[in-house]
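Enquirer: Sending over a structure as C-alpha coordinates; questions will come in a sec.
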Amino acid sequence: FIMFIYFFATYGTQLFSGLLDRCNDITIKREADCVGEFEVPLTVSLHLFINATPPLILVPRVWRSPRLFDFDDILSAMLALFEVITLEGWLDVRDVLTDQASVFAAIYIHCYVFFGVLVGLTLFVGVIIF
(Lines give C-alpha, C1' and ligand atoms only; values in the text may rest on other atoms or scores of the structure.)
Protein backbone atom coordinates (compact mmCIF):
# COMPACT_ATOMS: atom_id res chain seq x y z
CA PHE A 1 0.00 0.00 0.00
CA ILE A 2 2.91 2.33 0.75
CA MET A 3 4.36 1.57 -2.69
CA PHE A 4 1.04 2.57 -4.23
CA ILE A 5 1.14 5.93 -2.43
CA TYR A 6 4.84 6.32 -3.34
CA PHE A 7 4.09 5.72 -7.04
CA PHE A 8 1.38 8.40 -7.15
CA ALA A 9 3.47 10.77 -4.99
CA THR A 10 6.39 10.49 -7.42
CA TYR A 11 4.11 11.15 -10.35
CA GLY A 12 2.40 14.05 -8.53
CA THR A 13 5.77 15.59 -7.68
CA GLN A 14 6.71 15.50 -11.36
CA LEU A 15 3.42 17.09 -12.37
CA PHE A 16 2.77 19.68 -9.64
CA SER A 17 6.12 20.56 -8.05
CA GLY A 18 6.23 24.32 -7.49
CA LEU A 19 2.83 24.99 -9.05
CA LEU A 20 1.03 25.54 -5.74
CA ASP A 21 3.42 28.23 -4.46
CA ARG A 22 2.56 31.91 -4.45
CA CYS A 23 3.54 35.10 -2.64
CA ASN A 24 1.79 36.00 0.59
CA ASP A 25 1.38 39.53 -0.83
CA ILE A 26 -1.59 39.07 -3.17
CA THR A 27 -0.47 41.92 -5.44
CA ILE A 28 2.71 40.01 -6.42
CA LYS A 29 2.42 37.40 -9.17
CA ARG A 30 6.04 36.44 -9.93
CA GLU A 31 8.54 34.77 -7.62
CA ALA A 32 11.28 37.25 -8.57
CA ASP A 33 9.12 40.14 -7.31
CA CYS A 34 8.31 38.47 -3.98
CA VAL A 35 11.08 40.17 -1.97
CA GLY A 36 11.14 42.74 0.79
CA GLU A 37 8.25 43.65 3.04
CA PHE A 38 4.72 44.94 2.64
CA GLU A 39 2.27 46.69 4.94
CA VAL A 40 -0.83 44.99 6.30
CA PRO A 41 -3.46 46.76 8.40
CA LEU A 42 -3.52 45.44 11.95
CA THR A 43 -7.17 45.08 12.89
CA VAL A 44 -7.71 43.72 16.37
CA SER A 45 -11.32 44.79 16.37
CA LEU A 46 -13.25 46.79 13.81
CA HIS A 47 -14.97 48.76 16.56
CA LEU A 48 -11.69 50.32 17.73
CA PHE A 49 -10.99 52.02 14.39
CA ILE A 50 -14.38 53.30 13.27
CA ASN A 51 -13.22 56.85 12.53
CA ALA A 52 -9.48 56.22 12.32
CA THR A 53 -7.31 54.13 10.10
CA PRO A 54 -5.88 51.00 11.70
CA PRO A 55 -2.14 50.83 12.32
CA LEU A 56 0.01 49.09 9.74
CA ILE A 57 2.42 46.24 10.40
CA LEU A 58 5.32 45.23 8.16
CA VAL A 59 5.22 41.62 6.97
CA PRO A 60 8.03 39.95 5.01
CA ARG A 61 7.09 38.62 1.58
CA VAL A 62 7.41 34.83 1.36
CA TRP A 63 7.01 32.59 -1.70
CA ARG A 64 5.41 29.38 -0.38
CA SER A 65 2.36 27.23 -0.69
CA PRO A 66 -0.44 28.80 1.35
CA ARG A 67 -2.11 25.42 1.84
CA LEU A 68 -1.26 22.73 4.34
CA PHE A 69 -0.07 20.46 1.54
CA ASP A 70 2.20 20.65 -1.47
CA PHE A 71 3.83 18.41 -4.02
CA ASP A 72 7.32 19.92 -3.86
CA ASP A 73 8.96 16.76 -2.52
CA ILE A 74 8.04 13.09 -2.21
CA LEU A 75 7.29 13.13 1.53
CA SER A 76 4.98 16.15 1.31
CA ALA A 77 3.23 14.58 -1.66
CA MET A 78 2.83 11.28 0.23
CA LEU A 79 1.33 13.16 3.18
CA ALA A 80 -1.11 14.99 0.90
CA LEU A 81 -2.06 11.74 -0.81
CA PHE A 82 -2.54 10.04 2.54
CA GLU A 83 -5.01 12.80 3.39
CA VAL A 84 -6.75 12.17 0.06
CA ILE A 85 -6.96 8.40 0.60
CA THR A 86 -8.74 8.92 3.94
CA LEU A 87 -11.42 10.75 1.91
CA GLU A 88 -11.31 13.66 4.38
CA GLY A 89 -10.73 16.89 2.52
CA TRP A 90 -9.80 15.24 -0.77
CA LEU A 91 -12.13 17.58 -2.64
CA ASP A 92 -10.11 20.56 -1.35
CA VAL A 93 -6.91 19.00 -2.68
CA ARG A 94 -8.59 18.30 -6.02
CA ASP A 95 -9.96 21.84 -6.31
CA VAL A 96 -6.64 23.49 -5.47
CA LEU A 97 -4.74 21.30 -7.94
CA THR A 98 -7.33 21.95 -10.64
CA ASP A 99 -7.24 25.72 -10.07
CA GLN A 100 -3.45 26.02 -9.86
CA ALA A 101 -2.33 23.35 -12.35
CA SER A 102 -4.88 22.11 -14.90
CA VAL A 103 -8.01 20.08 -15.40
CA PHE A 104 -5.86 16.96 -15.77
CA ALA A 105 -5.12 17.21 -12.05
CA ALA A 106 -8.71 16.17 -11.39
CA ILE A 107 -8.14 13.05 -13.47
CA TYR A 108 -4.98 12.33 -11.45
CA ILE A 109 -6.80 12.68 -8.11
CA HIS A 110 -9.87 10.74 -9.24
CA CYS A 111 -7.72 7.84 -10.49
CA TYR A 112 -5.82 7.87 -7.21
CA VAL A 113 -9.01 7.81 -5.13
CA PHE A 114 -10.57 5.06 -7.27
CA PHE A 115 -7.54 2.77 -7.25
CA GLY A 116 -6.63 3.64 -3.66
CA VAL A 117 -10.04 2.73 -2.33
CA LEU A 118 -10.00 -0.41 -4.50
CA VAL A 119 -6.59 -1.48 -3.16
CA GLY A 120 -7.51 -0.55 0.41
CA LEU A 121 -10.79 -2.46 0.22
CA THR A 122 -9.01 -5.47 -1.28
CA LEU A 123 -6.45 -5.46 1.54
CA PHE A 124 -9.17 -5.08 4.17
CA VAL A 125 -11.31 -7.91 2.75
CA GLY A 126 -8.20 -10.09 2.33
CA VAL A 127 -7.26 -9.68 5.98
CA ILE A 128 -10.84 -10.35 7.18
CA ILE A 129 -11.29 -13.49 5.06
CA PHE A 130 -7.81 -14.87 5.77
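Residues are referred to by chain and number: the chain letter is A, B, ... according to the order shown in the C-alpha coordinates, the number counts from 1 in that chain, and ligands are numbered separately from 1 in the order shown.
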Write down as a count of residues only the residues belonging to chain A that are assigned strand (DSSP E or B) by DSSP computed on the backbone.

Expert: 14

Enquirer: Residues within 8 Å of stretch 17-28 of chain A, please, as a PyMOL selection string. Count only C-alpha atoms; anything in the same chain fewer than 5 positions from it doesn't count.

Expert: chain A and resi 12+33-34+38+61-66+70-73+96-97+100-101

Enquirer: Can you pull out the residues contacting A:Asp92? Cut-off 12 Å, using only C-alpha atoms, and skip same-chain residues under 4 positions away; I want them as a PDB file with all heavy atoms, in the first residue's frame.

Expert:
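Writing done, so here's out_28.pdb:
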```
ATOM      1  N   ARG A  67      -1.317  26.546   1.353  1.00  0.00           N
ATOM      2  CA  ARG A  67      -2.112  25.422   1.843  1.00  0.00           C
ATOM      3  C   ARG A  67      -1.295  24.585   2.812  1.00  0.00           C
ATOM      4  O   ARG A  67      -0.092  24.764   2.968  1.00  0.00           O
ATOM      5  CB  ARG A  67      -2.567  24.542   0.685  1.00  0.00           C
ATOM      6  CG  ARG A  67      -3.219  25.288  -0.425  1.00  0.00           C
ATOM      7  CD  ARG A  67      -4.597  25.723  -0.035  1.00  0.00           C
ATOM      8  NE  ARG A  67      -5.201  26.419  -1.160  1.00  0.00           N
ATOM      9  CZ  ARG A  67      -6.258  27.146  -1.065  1.00  0.00           C
ATOM     10  NH1 ARG A  67      -6.838  27.309   0.084  1.00  0.00           N
ATOM     11  NH2 ARG A  67      -6.761  27.744  -2.102  1.00  0.00           N
ATOM     12  N   LEU A  68      -1.942  23.628   3.425  1.00  0.00           N
ATOM     13  CA  LEU A  68      -1.264  22.726   4.342  1.00  0.00           C
ATOM     14  C   LEU A  68      -0.622  21.548   3.620  1.00  0.00           C
ATOM     15  O   LEU A  68      -0.102  20.647   4.256  1.00  0.00           O
ATOM     16  CB  LEU A  68      -2.256  22.201   5.391  1.00  0.00           C
ATOM     17  CG  LEU A  68      -2.823  23.264   6.319  1.00  0.00           C
ATOM     18  CD1 LEU A  68      -3.869  22.651   7.234  1.00  0.00           C
ATOM     19  CD2 LEU A  68      -1.726  23.919   7.116  1.00  0.00           C
ATOM     20  N   PHE A  69      -0.668  21.542   2.311  1.00  0.00           N
ATOM     21  CA  PHE A  69      -0.074  20.460   1.539  1.00  0.00           C
ATOM     22  C   PHE A  69       0.618  21.042   0.318  1.00  0.00           C
ATOM     23  O   PHE A  69       0.325  22.148  -0.117  1.00  0.00           O
ATOM     24  CB  PHE A  69      -1.144  19.448   1.093  1.00  0.00           C
ATOM     25  CG  PHE A  69      -2.179  20.034   0.175  1.00  0.00           C
ATOM     26  CD1 PHE A  69      -1.991  20.027  -1.194  1.00  0.00           C
ATOM     27  CD2 PHE A  69      -3.334  20.601   0.675  1.00  0.00           C
ATOM     28  CE1 PHE A  69      -2.930  20.566  -2.039  1.00  0.00           C
ATOM     29  CE2 PHE A  69      -4.288  21.142  -0.157  1.00  0.00           C
ATOM     30  CZ  PHE A  69      -4.078  21.124  -1.522  1.00  0.00           C
ATOM     31  N   ALA A  80       0.104  14.469   1.534  1.00  0.00           N
ATOM     32  CA  ALA A  80      -1.107  14.994   0.900  1.00  0.00           C
ATOM     33  C   ALA A  80      -1.959  13.858   0.344  1.00  0.00           C
ATOM     34  O   ALA A  80      -3.193  13.866   0.482  1.00  0.00           O
ATOM     35  CB  ALA A  80      -0.742  15.974  -0.206  1.00  0.00           C
ATOM     36  N   LEU A  81      -1.310  12.865  -0.252  1.00  0.00           N
ATOM     37  CA  LEU A  81      -2.060  11.743  -0.808  1.00  0.00           C
ATOM     38  C   LEU A  81      -2.636  10.849   0.283  1.00  0.00           C
ATOM     39  O   LEU A  81      -3.682  10.221   0.093  1.00  0.00           O
ATOM     40  CB  LEU A  81      -1.177  10.940  -1.758  1.00  0.00           C
ATOM     41  CG  LEU A  81      -0.840  11.670  -3.057  1.00  0.00           C
ATOM     42  CD1 LEU A  81       0.124  10.850  -3.892  1.00  0.00           C
ATOM     43  CD2 LEU A  81      -2.097  11.994  -3.839  1.00  0.00           C
ATOM     44  N   GLU A  83      -3.806  12.052   3.037  1.00  0.00           N
ATOM     45  CA  GLU A  83      -5.014  12.798   3.385  1.00  0.00           C
ATOM     46  C   GLU A  83      -6.119  12.520   2.376  1.00  0.00           C
ATOM     47  O   GLU A  83      -7.287  12.368   2.740  1.00  0.00           O
ATOM     48  CB  GLU A  83      -4.721  14.291   3.440  1.00  0.00           C
ATOM     49  CG  GLU A  83      -5.919  15.145   3.742  1.00  0.00           C
ATOM     50  CD  GLU A  83      -5.613  16.629   3.685  1.00  0.00           C
ATOM     51  OE1 GLU A  83      -4.446  17.007   3.648  1.00  0.00           O
ATOM     52  OE2 GLU A  83      -6.588  17.397   3.680  1.00  0.00           O
ATOM     53  N   VAL A  84      -5.759  12.437   1.103  1.00  0.00           N
ATOM     54  CA  VAL A  84      -6.746  12.172   0.059  1.00  0.00           C
ATOM     55  C   VAL A  84      -7.334  10.774   0.223  1.00  0.00           C
ATOM     56  O   VAL A  84      -8.541  10.585   0.091  1.00  0.00           O
ATOM     57  CB  VAL A  84      -6.109  12.349  -1.341  1.00  0.00           C
ATOM     58  CG1 VAL A  84      -7.015  11.801  -2.429  1.00  0.00           C
ATOM     59  CG2 VAL A  84      -5.803  13.807  -1.603  1.00  0.00           C
ATOM     60  N   LEU A  87     -10.197  10.130   2.427  1.00  0.00           N
ATOM     61  CA  LEU A  87     -11.422  10.752   1.912  1.00  0.00           C
ATOM     62  C   LEU A  87     -11.902  11.916   2.784  1.00  0.00           C
ATOM     63  O   LEU A  87     -13.054  12.310   2.714  1.00  0.00           O
ATOM     64  CB  LEU A  87     -12.539   9.717   1.736  1.00  0.00           C
ATOM     65  CG  LEU A  87     -12.225   8.589   0.752  1.00  0.00           C
ATOM     66  CD1 LEU A  87     -13.385   7.602   0.704  1.00  0.00           C
ATOM     67  CD2 LEU A  87     -11.920   9.132  -0.626  1.00  0.00           C
ATOM     68  N   GLU A  88     -11.012  12.463   3.599  1.00  0.00           N
ATOM     69  CA  GLU A  88     -11.313  13.660   4.382  1.00  0.00           C
ATOM     70  C   GLU A  88     -10.590  14.839   3.733  1.00  0.00           C
ATOM     71  O   GLU A  88      -9.381  14.937   3.787  1.00  0.00           O
ATOM     72  CB  GLU A  88     -10.838  13.506   5.826  1.00  0.00           C
ATOM     73  CG  GLU A  88     -11.602  12.499   6.630  1.00  0.00           C
ATOM     74  CD  GLU A  88     -13.033  12.917   6.876  1.00  0.00           C
ATOM     75  OE1 GLU A  88     -13.287  14.124   7.041  1.00  0.00           O
ATOM     76  OE2 GLU A  88     -13.898  12.021   6.880  1.00  0.00           O
ATOM     77  N   VAL A  96      -7.850  22.665  -5.431  1.00  0.00           N
ATOM     78  CA  VAL A  96      -6.639  23.489  -5.470  1.00  0.00           C
ATOM     79  C   VAL A  96      -5.752  23.063  -6.636  1.00  0.00           C
ATOM     80  O   VAL A  96      -5.228  23.910  -7.373  1.00  0.00           O
ATOM     81  CB  VAL A  96      -5.878  23.402  -4.128  1.00  0.00           C
ATOM     82  CG1 VAL A  96      -4.490  23.988  -4.249  1.00  0.00           C
ATOM     83  CG2 VAL A  96      -6.660  24.102  -3.046  1.00  0.00           C
ATOM     84  N   LEU A  97      -5.569  21.768  -6.824  1.00  0.00           N
ATOM     85  CA  LEU A  97      -4.744  21.296  -7.936  1.00  0.00           C
ATOM     86  C   LEU A  97      -5.360  21.672  -9.278  1.00  0.00           C
ATOM     87  O   LEU A  97      -4.647  22.054 -10.210  1.00  0.00           O
ATOM     88  CB  LEU A  97      -4.548  19.783  -7.861  1.00  0.00           C
ATOM     89  CG  LEU A  97      -3.597  19.284  -6.795  1.00  0.00           C
ATOM     90  CD1 LEU A  97      -3.558  17.761  -6.804  1.00  0.00           C
ATOM     91  CD2 LEU A  97      -2.212  19.839  -6.983  1.00  0.00           C
ATOM     92  N   THR A  98      -6.665  21.595  -9.384  1.00  0.00           N
ATOM     93  CA  THR A  98      -7.326  21.954 -10.639  1.00  0.00           C
ATOM     94  C   THR A  98      -7.201  23.447 -10.918  1.00  0.00           C
ATOM     95  O   THR A  98      -6.944  23.852 -12.052  1.00  0.00           O
ATOM     96  CB  THR A  98      -8.812  21.551 -10.591  1.00  0.00           C
ATOM     97  OG1 THR A  98      -8.895  20.154 -10.319  1.00  0.00           O
ATOM     98  CG2 THR A  98      -9.502  21.826 -11.905  1.00  0.00           C
ATOM     99  N   ASP A  99      -7.350  24.267  -9.882  1.00  0.00           N
ATOM    100  CA  ASP A  99      -7.239  25.718 -10.069  1.00  0.00           C
ATOM    101  C   ASP A  99      -5.816  26.151 -10.392  1.00  0.00           C
ATOM    102  O   ASP A  99      -5.601  27.002 -11.250  1.00  0.00           O
ATOM    103  CB  ASP A  99      -7.716  26.464  -8.821  1.00  0.00           C
ATOM    104  CG  ASP A  99      -9.211  26.333  -8.606  1.00  0.00           C
ATOM    105  OD1 ASP A  99      -9.914  25.976  -9.567  1.00  0.00           O
ATOM    106  OD2 ASP A  99      -9.662  26.579  -7.470  1.00  0.00           O
ATOM    107  N   ALA A 106      -7.514  16.858 -11.888  1.00  0.00           N
ATOM    108  CA  ALA A 106      -8.713  16.174 -11.395  1.00  0.00           C
ATOM    109  C   ALA A 106      -8.701  14.714 -11.814  1.00  0.00           C
ATOM    110  O   ALA A 106      -9.100  13.832 -11.039  1.00  0.00           O
ATOM    111  CB  ALA A 106      -9.961  16.874 -11.908  1.00  0.00           C
ATOM    112  N   ILE A 109      -6.247  12.915  -9.446  1.00  0.00           N
ATOM    113  CA  ILE A 109      -6.798  12.685  -8.108  1.00  0.00           C
ATOM    114  C   ILE A 109      -7.917  11.642  -8.152  1.00  0.00           C
ATOM    115  O   ILE A 109      -8.001  10.770  -7.280  1.00  0.00           O
ATOM    116  CB  ILE A 109      -7.291  14.005  -7.484  1.00  0.00           C
ATOM    117  CG1 ILE A 109      -6.100  14.894  -7.143  1.00  0.00           C
ATOM    118  CG2 ILE A 109      -8.141  13.757  -6.259  1.00  0.00           C
ATOM    119  CD1 ILE A 109      -5.215  14.363  -6.046  1.00  0.00           C
TER     120      ILE A 109
END
```

Enquirer: In terms of the shortest atom-to-atom distance over only C-alpha atoms, which of A:Met3, A:Ile85, A:Leu42, A:Phe104 is closest to A:Leu118?

Expert: A:Ile85

Enquirer: As a PyMOL selection string, list the residues of chain A assigned to alpha helix (DSSP H) by DSSP on the backbone atoms of this structure.

Expert: chain A and resi 2-16+74-85+90-100+104-129

Enquirer: Taking only C-alpha atoms into account, which of A:Tyr6, A:Ala77, A:Leu121, A:Glu39 comes nearest A:Pro54?

Expert: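 Ranked by minimum distance to A:Pro54, first place goes to A:Glu39.
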
Enquirer: So how far away is atom CA of A:Phe4 from atom CA of A:Phe115, in Å?

Expert: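 Spanning atom CA of A:Phe115 to atom CA of A:Phe4 is a straight-line distance of 9.1 Å.
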